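Heads up, the thing below is written out as structure tokens.
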Amino acid sequence: MLATLSREIRANLNGIMGSADLLIEDAASRLQREHLTTLRSSAEALHMSLNDVLDYASIETGRIHVAREDYDLRQPLYEVIEQLLPLASLKSLDLVLILSPEVPVNLVGDRGRLRQILLNLLSNAITFTPSGRVVLRVELPQRSGSTPPQSAS
């Protein structure tokens, strides 16, 4: 029942998001574009929440599927930034991606799950950041045994 219900809700949300995209392109004023962008972001957030509920249900029933595919790390990072940029702009926040050059970009894993996790984390960061910037920094962890840089007082 949950899967059927989620398909129905997702279909309607996709319709809302698609219509919002079309209206944003044709909006006459900046204020209309801002309202439509908020509508689009809200529909996306609802879509993400629905996905989260379905994931939790899958975890509880032991039926979660984690994909194993080759992908370019930059693609989900850029997609997430692009998707959340309107929400950050509405709050006058800078949304910044810093991808350290030593991070490999060709990975094997679940690109969709990574994207979902990043969307959740960044949308929460944007929601709870009153001013300034939200930074997504991707870097390799420090090796054990290495000492962190010392800061000057």
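Starting from 1 in every chain, residues are counted up; chains themselves are A, B, ... following the order of the structure tokens, and ligands are numbered from 1 as listed.
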
Identify, with DSSP run on backbone atoms, the residues in chain A assigned to strand (DSSP E or B), and express the list as a PDB file with C-alpha atoms, in the first residue's frame.
```pdb
ATOM      1  CA  GLU A  69      27.463   1.548 -10.050  1.00  0.00           C
ATOM      2  CA  ASP A  70      30.312   3.551 -11.550  1.00  0.00           C
ATOM      3  CA  TYR A  71      29.700   7.284 -11.384  1.00  0.00           C
ATOM      4  CA  ASP A  72      31.441  10.624 -11.489  1.00  0.00           C
ATOM      5  CA  ASP A  94      25.920  31.781  -0.469  1.00  0.00           C
ATOM      6  CA  LEU A  95      25.992  28.081  -1.320  1.00  0.00           C
ATOM      7  CA  VAL A  96      29.553  26.942  -1.940  1.00  0.00           C
ATOM      8  CA  LEU A  97      31.050  23.666  -3.141  1.00  0.00           C
ATOM      9  CA  ILE A  98      34.712  22.972  -2.407  1.00  0.00           C
ATOM     10  CA  LEU A  99      35.994  19.761  -3.988  1.00  0.00           C
ATOM     11  CA  ASN A 106      35.407   8.191 -10.429  1.00  0.00           C
ATOM     12  CA  LEU A 107      33.652   6.142  -7.749  1.00  0.00           C
ATOM     13  CA  VAL A 108      31.647   2.964  -7.335  1.00  0.00           C
ATOM     14  CA  GLY A 109      28.607   3.126  -5.111  1.00  0.00           C
ATOM     15  CA  ARG A 133      27.126  30.835   3.621  1.00  0.00           C
ATOM     16  CA  VAL A 134      26.640  27.096   3.566  1.00  0.00           C
ATOM     17  CA  VAL A 135      29.705  25.172   2.404  1.00  0.00           C
ATOM     18  CA  LEU A 136      29.823  21.634   1.073  1.00  0.00           C
ATOM     19  CA  ARG A 137      33.480  20.641   1.422  1.00  0.00           C
ATOM     20  CA  VAL A 138      34.558  17.299  -0.015  1.00  0.00           C
TER      21      VAL A 138
END
```

What's around stretch 8-23 of chain A at 8 Å? Count only C-alpha atoms, leave out sequence neighbours fewer than 4 positions away in its own chain, and write the answer as a PyMOL selection string. chain A and resi 4+27+36-37+39-40+43-44+47

Residues from last step as file, N, CA, C and O atoms, as a short mmCIF file (atom, residue, chain, number, x, y, z; two decimals), in the first residue's frame:
```cif
data_model
loop_
_atom_site.label_atom_id
_atom_site.label_comp_id
_atom_site.auth_asym_id
_atom_site.auth_seq_id
_atom_site.Cartn_x
_atom_site.Cartn_y
_atom_site.Cartn_z
N THR A 4 2.26 1.99 -3.48
CA THR A 4 1.23 2.54 -4.38
C THR A 4 0.94 3.99 -4.03
O THR A 4 0.88 4.85 -4.93
N ALA A 27 7.63 33.79 -15.84
CA ALA A 27 7.21 34.75 -14.82
C ALA A 27 7.59 36.17 -15.24
O ALA A 27 8.70 36.42 -15.71
N LEU A 36 7.52 31.33 -7.13
CA LEU A 36 7.50 30.06 -7.84
C LEU A 36 8.71 29.20 -7.48
O LEU A 36 8.60 27.98 -7.38
N THR A 37 9.84 29.83 -7.26
CA THR A 37 11.03 29.09 -6.85
C THR A 37 10.82 28.49 -5.47
O THR A 37 11.22 27.35 -5.21
N LEU A 39 7.88 27.64 -4.27
CA LEU A 39 6.95 26.54 -4.52
C LEU A 39 7.71 25.31 -5.01
O LEU A 39 7.50 24.19 -4.51
N ARG A 40 8.61 25.50 -5.94
CA ARG A 40 9.40 24.40 -6.51
C ARG A 40 10.26 23.75 -5.43
O ARG A 40 10.31 22.53 -5.29
N ALA A 43 8.13 21.73 -2.99
CA ALA A 43 7.71 20.45 -3.58
C ALA A 43 8.87 19.46 -3.58
O ALA A 43 8.68 18.27 -3.31
N GLU A 44 10.08 19.94 -3.87
CA GLU A 44 11.25 19.07 -3.84
C GLU A 44 11.50 18.55 -2.42
O GLU A 44 11.84 17.38 -2.24
N HIS A 47 9.08 15.90 -1.70
CA HIS A 47 9.48 14.71 -2.45
C HIS A 47 10.61 13.98 -1.70
O HIS A 47 10.59 12.75 -1.57
#
```

Stretch 59-104 of chain A residues near stretch 112-125 of chain A within 10 Å, closest pair each, using only C-alpha atoms, as CSV:
```
residue,atom,partner,partner_atom,distance
A:His65,CA,A:Arg113,CA,9.9
A:Val66,CA,A:Arg113,CA,7.7
A:Ala67,CA,A:Gly112,CA,8.2
A:Leu73,CA,A:Leu114,CA,9.3
A:Gln75,CA,A:Arg115,CA,9.3
A:Pro76,CA,A:Arg115,CA,5.5
A:Leu77,CA,A:Arg115,CA,7.2
A:Tyr78,CA,A:Arg115,CA,9.7
A:Glu79,CA,A:Arg115,CA,8.0
A:Val80,CA,A:Leu119,CA,6.0
A:Ile81,CA,A:Leu119,CA,8.5
A:Gln83,CA,A:Leu119,CA,8.5
A:Leu84,CA,A:Ser123,CA,7.0
A:Leu85,CA,A:Ser123,CA,9.9
A:Leu87,CA,A:Ser123,CA,8.2
A:Ala88,CA,A:Ser123,CA,8.6
A:Leu95,CA,A:Leu122,CA,9.1
```

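Considering only C-alpha atoms, the residue among A:Gln32, A:Ser92, A:Ser100, A:Thr127 positioned nearest to A:Ala45 is A:Thr127.
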
Straight-line distance linking atom CA of A:Ser89 with atom CA of A:Ala28, stated in Å to one decimal: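 Calculated distance between atom CA of A:Ser89 and atom CA of A:Ala28 is 18.8 Å.
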
So which bits of stretch 11-113 of chain A end up alpha helix (DSSP H) when you DSSP the backbone, as an MDAnalysis selection string? chainID A and resid 11:26 30:61 74:90 111:113

Between atom CA of A:Leu31 and atom CA of A:Ser49, distance in Å (one decimal): 26.9 Å

re atom CA of A:Glu139 and atom CA of A:Val53: distance 29.6 Å

A:Arg143, A:Ile24, A:Gly62, A:Tyr56 ranked by distance to A:Thr38, top pick (using only C-alpha atoms):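 Nearest to A:Thr38: A:Ile24.
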
Between A:Glu25, A:Glu60, A:Glu102, A:Glu82, which one has atoms that come closest to A:Ser41, using only C-alpha atoms? A:Glu82
